[in-house]
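query_5.cif, holding mmCIF, C-alpha atoms:
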data_coords
#
loop_
_atom_site.label_atom_id
_atom_site.label_comp_id
_atom_site.auth_asym_id
_atom_site.auth_seq_id
_atom_site.Cartn_x
_atom_site.Cartn_y
_atom_site.Cartn_z
CA MET Y 1 0.00 0.00 0.00
CA SER Y 2 1.48 3.36 -0.98
CA HIS Y 3 1.33 6.30 1.41
CA LYS Y 4 1.61 9.85 0.26
CA ARG Y 5 4.31 11.65 2.21
CA VAL Y 6 3.34 14.84 3.95
CA PRO Y 7 5.58 17.70 5.08
CA LYS Y 8 6.90 17.55 8.61
CA ARG Y 9 4.43 19.28 10.86
CA LYS Y 10 2.99 19.20 14.30
CA ILE Y 11 -0.11 17.03 14.59
CA VAL Y 12 -2.00 17.31 17.86
CA PHE Y 13 -5.06 15.20 18.53
CA ALA Y 14 -7.30 14.87 21.56
CA GLY Y 15 -6.84 11.39 22.98
CA ALA Y 16 -6.97 9.28 26.20
CA GLY Y 17 -6.58 5.78 28.25
CA ALA Y 18 -7.77 0.40 32.77
CA ALA Y 19 -8.04 -2.91 33.42
CA ALA Y 20 -9.57 -4.71 36.36
CA VAL Y 21 -7.18 -5.72 39.16
CA ALA Y 22 -6.56 -9.45 38.86
CA ALA Y 23 -6.38 -11.52 42.03
CA ALA Y 24 -3.46 -13.94 42.13
CA ALA Y 25 -3.78 -16.74 44.67
CA ILE Y 26 -0.64 -16.15 46.70
CA LEU Y 27 -0.55 -17.37 50.32
CA LEU Y 28 -0.04 -14.74 52.97
CA PRO Y 29 3.04 -14.99 55.18
CA ASN Y 30 2.41 -15.87 58.82
CA ALA Y 31 2.52 -12.31 60.03
CA ASN Y 32 2.17 -11.58 63.72
CA ALA Y 33 0.20 -8.37 64.14
CA SER Y 34 1.52 -7.71 67.62
CA GLN Y 35 5.09 -7.84 66.31
CA ASP Y 36 4.56 -5.71 63.23
CA ASP Y 37 5.01 -2.03 63.93
CA LYS Y 38 2.90 -1.21 60.87
CA ALA Y 39 -0.09 -3.31 61.90
CA ASP Y 40 -1.79 -0.32 63.53
CA ALA Y 41 -0.82 2.11 60.77
CA GLN Y 42 -3.38 4.74 59.89
CA PRO Y 43 -4.84 4.88 56.37
CA LYS Y 44 -2.76 6.90 53.92
CA LYS Y 45 -4.05 9.82 51.94
CA VAL Y 46 -3.16 9.06 48.31
CA ASN Y 47 -4.07 10.14 44.80
CA ALA Y 48 -5.97 7.90 42.37
CA ALA Y 49 -2.83 6.71 40.58
CA ALA Y 50 -1.25 5.57 43.84
CA ALA Y 51 -4.56 3.94 44.79
CA ALA Y 52 -4.39 1.73 41.70
CA ASP Y 53 -0.86 0.63 42.64
CA ILE Y 54 -1.90 -0.20 46.21
CA ALA Y 55 -4.93 -2.15 45.00
CA SER Y 56 -2.80 -4.14 42.56
CA GLU Y 57 -0.25 -4.98 45.25
CA LEU Y 58 -2.92 -6.16 47.69
CA ALA Y 59 -4.71 -8.19 45.01
CA SER Y 60 -1.51 -10.19 44.65
CA LYS Y 61 -0.90 -10.57 48.38
CA LEU Y 62 -4.44 -11.34 49.54
CA GLY Y 63 -5.29 -13.98 46.94
CA GLU Y 64 -8.76 -15.46 47.42
CA ALA Y 65 -9.48 -13.05 50.28
CA PHE Y 66 -9.37 -10.10 47.87
CA GLY Y 67 -12.79 -8.80 46.85
CA GLY Y 68 -11.79 -5.74 44.84
CA ALA Y 69 -10.91 -2.19 45.81
CA TYR Y 70 -12.00 1.36 45.11
CA TYR Y 71 -10.90 4.93 45.72
CA ASP Y 72 -12.72 7.20 48.17
CA LYS Y 73 -11.91 10.53 46.57
CA ASP Y 74 -13.37 12.56 49.45
CA LYS Y 75 -11.15 10.91 52.07
CA GLN Y 76 -8.37 10.17 49.54
CA GLN Y 77 -8.19 6.60 50.78
CA VAL Y 78 -8.09 3.12 49.22
CA ILE Y 79 -10.93 0.87 50.38
CA VAL Y 80 -10.12 -2.84 50.05
CA ASN Y 81 -12.83 -5.49 50.10
CA VAL Y 82 -11.82 -8.46 52.24
CA VAL Y 83 -13.52 -11.86 52.35
CA GLY Y 84 -13.29 -13.72 55.65
CA ASP Y 85 -11.91 -12.64 59.03
CA SER Y 86 -8.23 -13.49 58.80
CA ASN Y 87 -6.20 -11.21 61.04
CA ASN Y 88 -3.21 -11.59 58.69
CA VAL Y 89 -5.26 -10.18 55.84
CA ASN Y 90 -6.28 -7.11 57.84
CA VAL Y 91 -2.66 -6.58 58.86
CA GLU Y 92 -1.54 -6.60 55.21
CA VAL Y 93 -4.24 -4.08 54.29
CA LYS Y 94 -3.21 -1.74 57.12
CA LYS Y 95 0.47 -2.07 56.25
CA ALA Y 96 -0.34 -0.91 52.73
CA GLY Y 97 -2.10 2.16 54.14
CA ALA Y 98 -5.56 1.06 52.98
CA VAL Y 99 -8.87 0.52 54.77
CA ALA Y 100 -10.21 -3.04 55.08
CA ARG Y 101 -13.91 -3.59 54.40
CA SER Y 102 -15.58 -6.95 55.05
CA VAL Y 103 -17.60 -8.28 52.08
CA LYS Y 104 -19.20 -11.49 50.89
CA ASN Y 105 -17.93 -11.89 47.32
CA SER Y 106 -14.31 -12.46 46.32
CA THR Y 107 -12.96 -11.37 42.95
CA ALA Y 108 -12.97 -15.04 41.92
CA ASP Y 109 -16.67 -15.32 42.84
CA LEU Y 110 -17.53 -12.27 40.75
CA LYS Y 111 -15.54 -13.58 37.77
CA THR Y 112 -17.41 -16.88 37.95
CA ALA Y 113 -20.72 -15.02 37.97
CA ALA Y 114 -19.59 -12.98 34.97
CA LYS Y 115 -18.86 -16.20 33.07
CA THR Y 116 -22.44 -17.32 33.73
CA LEU Y 117 -23.74 -14.04 32.34
CA LYS Y 118 -21.56 -14.46 29.27
CA THR Y 119 -22.92 -17.97 28.70
CA LYS Y 120 -26.59 -17.26 29.35
CA ALA Y 121 -27.15 -13.55 28.80
CA THR Y 122 -24.95 -12.43 25.90
CA ILE Y 123 -27.72 -10.42 24.29
CA PRO Y 124 -27.12 -7.28 22.21
CA GLY Y 125 -27.97 -4.32 24.39
CA THR Y 126 -26.67 -5.78 27.65
CA ALA Y 127 -23.55 -5.00 29.65
CA TRP Y 128 -22.00 -5.87 32.99
CA SER Y 129 -19.04 -4.77 35.07
CA VAL Y 130 -17.58 -5.29 38.53
CA ASP Y 131 -18.62 -2.65 41.06
CA PRO Y 132 -16.38 -2.97 44.14
CA LYS Y 133 -18.40 -0.34 46.00
CA THR Y 134 -21.40 -2.67 46.12
CA ASN Y 135 -19.29 -5.86 45.84
CA GLU Y 136 -21.60 -6.99 43.04
CA LEU Y 137 -21.82 -7.18 39.27
CA ARG Y 138 -23.64 -4.21 37.76
CA VAL Y 139 -25.84 -5.54 34.93
CA THR Y 140 -27.49 -3.09 32.55
CA ALA Y 141 -29.97 -3.68 29.75
CA ASP Y 142 -30.74 -0.98 27.19
CA SER Y 143 -34.09 -0.07 25.66
CA THR Y 144 -33.84 -2.75 22.94
CA VAL Y 145 -33.84 -5.61 25.47
CA THR Y 146 -37.52 -6.46 25.83
CA GLY Y 147 -39.88 -9.44 26.14
CA ALA Y 148 -38.18 -12.82 26.36
CA LYS Y 149 -34.72 -11.21 26.23
CA TRP Y 150 -35.45 -9.10 29.31
CA ASP Y 151 -36.87 -12.15 31.07
CA THR Y 152 -33.66 -14.04 30.30
CA VAL Y 153 -31.51 -11.27 31.76
CA GLN Y 154 -33.58 -11.13 34.93
CA SER Y 155 -33.71 -14.89 35.42
CA THR Y 156 -29.94 -15.21 34.84
CA VAL Y 157 -29.19 -12.51 37.41
CA LYS Y 158 -31.55 -14.19 39.88
CA SER Y 159 -29.83 -17.55 39.34
CA LEU Y 160 -26.53 -16.07 40.51
CA GLY Y 161 -27.89 -15.83 44.05
CA ALA Y 162 -28.62 -12.98 46.43
CA GLY Y 163 -26.03 -10.24 46.66
CA MET Y 164 -24.12 -11.26 43.52
CA ALA Y 165 -25.58 -8.93 40.87
CA THR Y 166 -28.08 -6.17 40.30
CA VAL Y 167 -29.86 -5.35 37.05
CA LYS Y 168 -31.20 -2.04 35.82
CA ARG Y 169 -32.54 -0.44 32.68
CA SER Y 170 -30.76 2.13 30.53
CA ALA Y 171 -33.00 4.58 28.71
CA GLY Y 172 -30.77 4.68 25.65
CA GLU Y 173 -29.23 2.08 23.35
CA PHE Y 174 -25.73 0.65 23.64
CA LYS Y 175 -23.74 1.46 20.53
CA THR Y 176 -20.31 2.54 19.46
CA PHE Y 177 -20.28 6.32 19.31
CA ALA Y 178 -20.15 6.47 15.56
CA ALA Y 179 -20.86 9.37 13.22
CA GLY Y 180 -19.85 12.94 13.60
CA GLY Y 181 -16.43 13.93 14.81
CA ASP Y 182 -14.19 16.61 13.37
CA ALA Y 183 -10.93 14.73 13.29
CA ILE Y 184 -9.53 12.16 10.86
CA PHE Y 185 -11.06 10.69 7.76
CA GLY Y 186 -10.76 7.43 5.88
CA GLY Y 187 -12.84 5.27 3.57
CA GLY Y 188 -15.99 7.31 4.09
CA ALA Y 189 -15.62 7.10 7.88
CA ARG Y 190 -14.71 9.78 10.37
CA CYS Y 191 -12.90 9.13 13.67
CA SER Y 192 -10.73 10.89 16.18
CA LEU Y 193 -7.43 9.82 17.62
CA GLY Y 194 -6.69 8.70 21.10
CA PHE Y 195 -3.09 9.12 22.21
CA ASN Y 196 0.03 9.61 20.17
CA VAL Y 197 2.49 6.80 20.91
CA THR Y 198 5.86 5.42 19.97
CA THR Y 199 5.92 1.87 18.64
CA ASP Y 200 8.45 -0.74 19.72
CA SER Y 201 10.34 -0.04 16.49
CA GLY Y 202 10.56 3.65 17.33
CA ALA Y 203 7.98 4.86 14.80
CA PRO Y 204 5.52 7.63 15.75
CA GLY Y 205 1.87 6.64 15.72
CA PHE Y 206 -1.37 6.79 17.64
CA ILE Y 207 -4.00 4.57 19.21
CA THR Y 208 -7.72 5.01 18.75
CA ALA Y 209 -10.88 2.94 18.90
CA GLY Y 210 -10.79 -0.45 17.21
CA HIS Y 211 -14.12 0.12 15.50
CA CYS Y 212 -12.42 3.05 13.77
CA GLY Y 213 -9.44 0.92 12.78
CA VAL Y 214 -11.62 -1.69 11.08
CA ALA Y 215 -13.54 0.96 9.14
CA ALA Y 216 -10.61 2.04 6.92
CA LYS Y 217 -6.91 1.27 6.48
CA GLU Y 218 -5.64 4.78 5.68
CA TRP Y 219 -6.55 8.03 7.39
CA SER Y 220 -6.23 11.72 6.62
CA ASP Y 221 -6.37 14.73 8.94
CA SER Y 222 -8.73 16.54 6.58
CA GLN Y 223 -11.77 15.47 4.62
CA ASN Y 224 -10.71 14.25 1.16
CA GLY Y 225 -7.11 14.97 2.12
CA ALA Y 226 -4.01 12.87 1.51
CA PRO Y 227 -3.44 9.98 3.94
CA VAL Y 228 -1.20 10.74 6.91
CA ALA Y 229 -1.39 7.41 8.74
CA ALA Y 230 -2.14 3.73 8.17
CA VAL Y 231 -3.67 1.04 10.40
CA GLN Y 232 -1.21 -1.58 11.64
CA LYS Y 233 -3.41 -3.47 14.09
CA ALA Y 234 -7.11 -3.34 14.99
CA THR Y 235 -9.23 -5.27 17.48
CA PHE Y 236 -13.05 -5.02 17.46
CA PRO Y 237 -15.19 -6.75 18.56
CA GLY Y 238 -13.70 -9.29 20.97
CA ASP Y 239 -11.01 -8.69 23.60
CA GLY Y 240 -11.10 -4.94 23.35
CA ASP Y 241 -11.82 -1.95 21.12
CA PHE Y 242 -8.47 -0.47 20.03
CA SER Y 243 -6.26 0.05 17.00
CA LEU Y 244 -2.72 1.23 16.25
CA LEU Y 245 -1.86 3.49 13.32
CA THR Y 246 1.57 4.78 12.34
CA TYR Y 247 2.26 8.08 10.64
CA ASP Y 248 3.43 7.92 7.03
CA ASP Y 249 6.00 10.62 7.78
CA ALA Y 250 8.50 9.20 10.28
CA ASN Y 251 9.44 12.78 11.25
CA THR Y 252 5.91 13.69 12.35
CA ASN Y 253 5.98 15.64 15.62
CA ALA Y 254 3.36 13.93 17.78
CA PRO Y 255 3.42 15.60 21.22
CA SER Y 256 2.21 14.03 24.46
CA THR Y 257 -0.65 16.41 25.17
CA VAL Y 258 -4.42 16.54 25.22
CA ASN Y 259 -5.92 19.72 23.82
CA THR Y 260 -8.84 20.51 26.14
CA GLY Y 261 -9.99 23.59 24.24
CA GLY Y 262 -9.60 27.30 24.78
CA GLY Y 263 -5.86 27.09 24.20
CA LYS Y 264 -5.40 24.80 27.21
CA THR Y 265 -3.65 21.44 27.20
CA VAL Y 266 -2.87 18.62 29.61
CA ASN Y 267 0.55 17.00 29.32
CA ILE Y 268 0.34 13.20 29.26
CA THR Y 269 3.22 11.56 31.10
CA GLN Y 270 2.11 7.94 31.45
CA ALA Y 271 -0.55 5.31 30.88
CA ALA Y 272 -2.27 4.21 34.07
CA GLU Y 273 -4.85 1.74 35.35
CA ALA Y 274 -8.33 2.93 36.21
CA THR Y 275 -9.69 2.72 39.76
CA VAL Y 276 -13.37 2.75 40.71
CA GLY Y 277 -14.12 6.12 42.31
CA GLN Y 278 -11.40 7.86 40.30
CA GLN Y 279 -12.18 11.30 38.86
CA VAL Y 280 -11.54 11.41 35.12
CA GLU Y 281 -12.02 13.73 32.15
CA ARG Y 282 -13.01 12.95 28.57
CA MET Y 283 -12.28 15.06 25.51
CA GLY Y 284 -14.44 14.63 22.44
CA SER Y 285 -14.83 16.46 19.17
CA THR Y 286 -18.61 16.41 19.38
CA THR Y 287 -19.20 17.31 23.02
CA GLY Y 288 -15.87 18.77 24.12
CA LEU Y 289 -14.57 18.34 27.65
CA HIS Y 290 -16.62 16.48 30.27
CA ASP Y 291 -15.73 14.91 33.58
CA GLY Y 292 -17.06 12.14 35.76
CA THR Y 293 -16.16 9.05 37.74
CA VAL Y 294 -15.04 5.49 37.03
CA THR Y 295 -17.93 3.26 38.17
CA GLY Y 296 -16.90 -0.25 37.09
CA LEU Y 297 -14.05 -2.38 35.79
CA ASP Y 298 -13.69 -5.42 33.54
CA ALA Y 299 -16.89 -4.48 31.75
CA THR Y 300 -18.42 -6.60 29.00
CA VAL Y 301 -20.63 -4.80 26.46
CA ASN Y 302 -22.79 -6.56 23.90
CA TYR Y 303 -22.90 -4.11 20.97
CA PRO Y 304 -24.96 -4.86 17.84
CA GLU Y 305 -21.63 -5.58 16.07
CA GLY Y 306 -20.54 -8.08 18.72
CA THR Y 307 -19.31 -8.48 22.30
CA VAL Y 308 -16.38 -6.47 23.65
CA SER Y 309 -14.79 -7.34 26.99
CA GLY Y 310 -12.26 -5.81 29.38
CA LEU Y 311 -13.63 -2.25 29.30
CA ILE Y 312 -13.89 0.54 31.88
CA GLN Y 313 -17.38 1.78 32.82
CA THR Y 314 -17.98 5.44 33.74
CA ASP Y 315 -20.73 7.99 34.21
CA VAL Y 316 -18.96 10.44 31.87
CA CYS Y 317 -21.32 11.43 29.07
CA ALA Y 318 -20.50 10.99 25.39
CA GLU Y 319 -22.28 11.25 22.06
CA PRO Y 320 -21.80 10.16 18.44
CA GLY Y 321 -18.52 11.60 17.26
CA ASP Y 322 -16.70 11.07 20.56
CA SER Y 323 -15.49 7.52 19.83
CA GLY Y 324 -11.74 6.97 20.03
CA GLY Y 325 -11.32 10.06 22.21
CA SER Y 326 -9.35 10.46 25.37
CA LEU Y 327 -10.12 9.51 28.95
CA PHE Y 328 -7.42 11.00 31.16
CA THR Y 329 -6.64 12.61 34.50
CA GLN Y 330 -5.62 16.18 35.23
CA ASP Y 331 -2.27 14.98 36.55
CA GLY Y 332 -1.37 13.56 33.14
CA SER Y 333 -2.35 9.88 33.11
CA ALA Y 334 -3.84 8.33 29.98
CA ILE Y 335 -6.65 6.04 31.10
CA GLY Y 336 -8.94 5.05 28.22
CA LEU Y 337 -10.19 5.33 24.62
CA THR Y 338 -13.89 6.07 24.12
CA SER Y 339 -15.64 2.91 22.93
CA GLY Y 340 -19.42 3.39 23.23
CA GLY Y 341 -22.39 3.44 25.53
CA SER Y 342 -25.88 4.86 25.86
CA GLY Y 343 -27.40 8.24 26.53
CA ASP Y 344 -26.04 11.69 25.75
CA CYS Y 345 -24.67 14.79 27.45
CA THR Y 346 -28.17 16.11 28.17
CA ALA Y 347 -29.77 13.08 29.81
CA GLY Y 348 -26.58 11.29 30.89
CA GLY Y 349 -25.96 7.57 30.59
CA GLU Y 350 -23.21 4.95 30.69
CA THR Y 351 -20.01 5.17 28.66
CA PHE Y 352 -17.39 2.47 28.19
CA PHE Y 353 -13.69 2.91 27.49
CA GLN Y 354 -10.88 0.70 26.24
CA PRO Y 355 -8.08 0.69 28.86
CA VAL Y 356 -4.98 2.35 27.41
CA THR Y 357 -2.63 0.05 29.31
CA THR Y 358 -4.17 -3.04 27.69
CA ALA Y 359 -4.15 -1.47 24.24
CA LEU Y 360 -0.48 -0.48 24.45
CA ALA Y 361 0.55 -3.95 25.57
CA ALA Y 362 -1.41 -5.57 22.74
CA VAL Y 363 -0.06 -3.38 19.93
CA GLY Y 364 3.52 -2.99 21.16
CA ALA Y 365 3.68 0.75 21.85
CA GLN Y 366 4.17 3.20 24.67
CA ILE Y 367 3.18 6.65 25.79
CA GLY Y 368 6.36 8.71 25.52
CA GLY Y 369 9.76 7.61 24.28
CA GLY Y 370 10.06 9.87 21.24
CA ALA Y 371 12.73 12.45 20.62
CA ALA Y 372 10.67 15.61 20.85
CA ASP Y 373 8.25 15.31 23.77
CA ASN Y 374 8.80 11.71 24.68
CA GLY Y 375 7.06 10.95 21.48
CA ALA Y 376 3.53 10.56 22.66
CA GLY Y 377 0.59 12.79 22.41
CA ALA Y 378 -3.07 13.21 22.32
CA ALA Y 379 -5.58 14.79 20.30
CA ASP Y 380 -6.57 18.11 18.96
CA ASN Y 381 -10.16 18.49 20.16
CA SER Y 382 -10.57 15.15 18.54
CA ALA Y 383 -12.24 12.25 20.13
CA GLY Y 384 -14.21 10.93 17.26
CA ALA Y 385 -16.07 8.07 15.90
CA ALA Y 386 -16.60 6.09 12.80
CA ASP Y 387 -19.33 7.30 10.52
CA ASN Y 388 -19.94 4.22 8.43
CA GLY Y 389 -23.10 5.53 6.94
#

Before we go any further, please render this structure as structure tokens.
Amino acid sequence: MSHKRVPKRKIVFAGAGAAAVAAAAILLPNANASQDDKADAQPKKVNAAAAADIASELASKLGEAFGGAYYDKDKQQVIVNVVGDSNNVNVEVKKAGAVARSVKNSTADLKTAAKTLKTKATIPGTAWSVDPKTNELRVTADSTVTGAKWDTVQSTVKSLGAGMATVKRSAGEFKTFAAGGDAIFGGGARCSLGFNVTTDSGAPGFITAGHCGVAAKEWSDSQNGAPVAAVQKATFPGDGDFSLLTYDDANTNAPSTVNTGGGKTVNITQAAEATVGQQVERMGSTTGLHDGTVTGLDATVNYPEGTVSGLIQTDVCAEPGDSGGSLFTQDGSAIGLTSGGSGDCTAGGETFFQPVTTALAAVGAQIGGGAADNGAGAADNSAGAADNG
């Protein structure tokens, strides 16, 4: 495939970027609380990024006793769900500076329940994610799930047992946020970029939504313009919604920033995991800058095009044209790429994001690492979506 070379120039796109904390069954050491001077440690005040690190560490240490974790942004504390009454477990939580909270369901229990939902309730218009605040699966059905399909969802949730899952209705319809977007163009589709990256080979590129990457192979930064980038990898549907494109011009300056409008930018310094309770911002070419909170992890969404798993669930609004756009934090962490959801920025709704960390690992790229500004950047008011119509 030939690519028309373009003059060296600065290309800035609005972009963004977490995966659920996995519980590894590792036995706790035989700690003696009375002998450990950290056993009575007070909870630490931490930021959301540090909270994700603490949660990941404890997931590994607590094994089957781990029931998830979330961030209390008001108290700036990590709340860790603990199954059982082992004193050693509580000691480990305190040593990490977190707050232990007794719950019924372990992470393993919730994953087993999610497998049942996948087997029995994979119906277009349904979604589920882990909500550590309630220690349950949050199941949502959109307005298209009616009659026998709705009955199936309800009966499946009921079969999981009390306290394992809740189900609610969404007024809208789950869909990828396609159409609209004032960003990049290819094959009759329009999308926006996520974050500029550097590939393992050192080439400048960017990541965006996978449903954009499968819509066209070459993309321009203007309608009917010459191609400036080509798709190298794309995943959608399936285990994610992400794609990697590389710039045709190897000298393209792709800075590590998100343009939030009004001449303001946020410098992106790293990719980070999402934490439930974390405050995040989303930039989109249709709706601009909006903020909200991470509400669920390891989400599965059954779009009309197919099932996508491993997503982040939030209450940040989005509309058609915002797909592929950035989910990030004010302190410069790339969290997610806008995938889809229901609702709009008037009525609200649920929005799902591809974790940036997972996407980078899958495509072999990193935020930063380039010569100019660590080689990674984000979009120019551009969180867009595919317009396949």

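Counting all atoms listed in the file and comparing Y:Thr166, Y:Asn267, Y:Ser243, Y:Thr275, the residue that lies closest to Gln77 of chain Y is Y:Thr275.
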
Check your understanding: At most 12 Å from (-10.9, 13.1, 49.4), file frame, all atoms listed in the file: which residues, as a PyMOL selection string?
Key -> chain Y and resi 44-48+71-78+277-279

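Proximity ranking of Y:Gly343, Y:Gly63, Y:Gly163, Y:Gly97 relative to Asp142 of chain Y places Y:Gly343 first, based on all atoms listed in the file.
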
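Under the PyMOL selection byres ((chain Y and resi 245-250) around 7), the matching residues in the shown file are His3, Arg5, Val6, Ala203, Pro204, Gly205, Phe206, Ile207, Val228, Ala229, Ala230, Val231, Gln232, Ser243, Leu244, Asn251 and Thr252 of chain Y.
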
Suppose we keep C-alpha atoms; can you now write the selection as an mmCIF file, keeping the file's coordinate frame?
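The result, written out as result29.cif:
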data_model
loop_
_atom_site.group_PDB
_atom_site.id
_atom_site.type_symbol
_atom_site.label_atom_id
_atom_site.label_comp_id
_atom_site.auth_asym_id
_atom_site.auth_seq_id
_atom_site.Cartn_x
_atom_site.Cartn_y
_atom_site.Cartn_z
ATOM 1 C CA HIS Y 3 1.330 6.300 1.410
ATOM 2 C CA ARG Y 5 4.310 11.650 2.210
ATOM 3 C CA VAL Y 6 3.340 14.840 3.950
ATOM 4 C CA ALA Y 203 7.980 4.860 14.800
ATOM 5 C CA PRO Y 204 5.520 7.630 15.750
ATOM 6 C CA GLY Y 205 1.870 6.640 15.720
ATOM 7 C CA PHE Y 206 -1.370 6.790 17.640
ATOM 8 C CA ILE Y 207 -4.000 4.570 19.210
ATOM 9 C CA VAL Y 228 -1.200 10.740 6.910
ATOM 10 C CA ALA Y 229 -1.390 7.410 8.740
ATOM 11 C CA ALA Y 230 -2.140 3.730 8.170
ATOM 12 C CA VAL Y 231 -3.670 1.040 10.400
ATOM 13 C CA GLN Y 232 -1.210 -1.580 11.640
ATOM 14 C CA SER Y 243 -6.260 0.050 17.000
ATOM 15 C CA LEU Y 244 -2.720 1.230 16.250
ATOM 16 C CA ASN Y 251 9.440 12.780 11.250
ATOM 17 C CA THR Y 252 5.910 13.690 12.350
#

Six-sided padding of 3 Å per side, axis-aligned box over segment 140-146 of chain Y, centre and edges in Å, one decimal, as JSON:
{"center_x": -32.5, "center_y": -3.3, "center_z": 27.7, "size_x": 16.0, "size_y": 12.4, "size_z": 15.6}

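With distances restricted to all atoms listed in the file, Y:Gly68 is the closest residue to Asn105 of chain Y from Y:Gly194, Y:Gly125, Y:Gly187, Y:Gly68.
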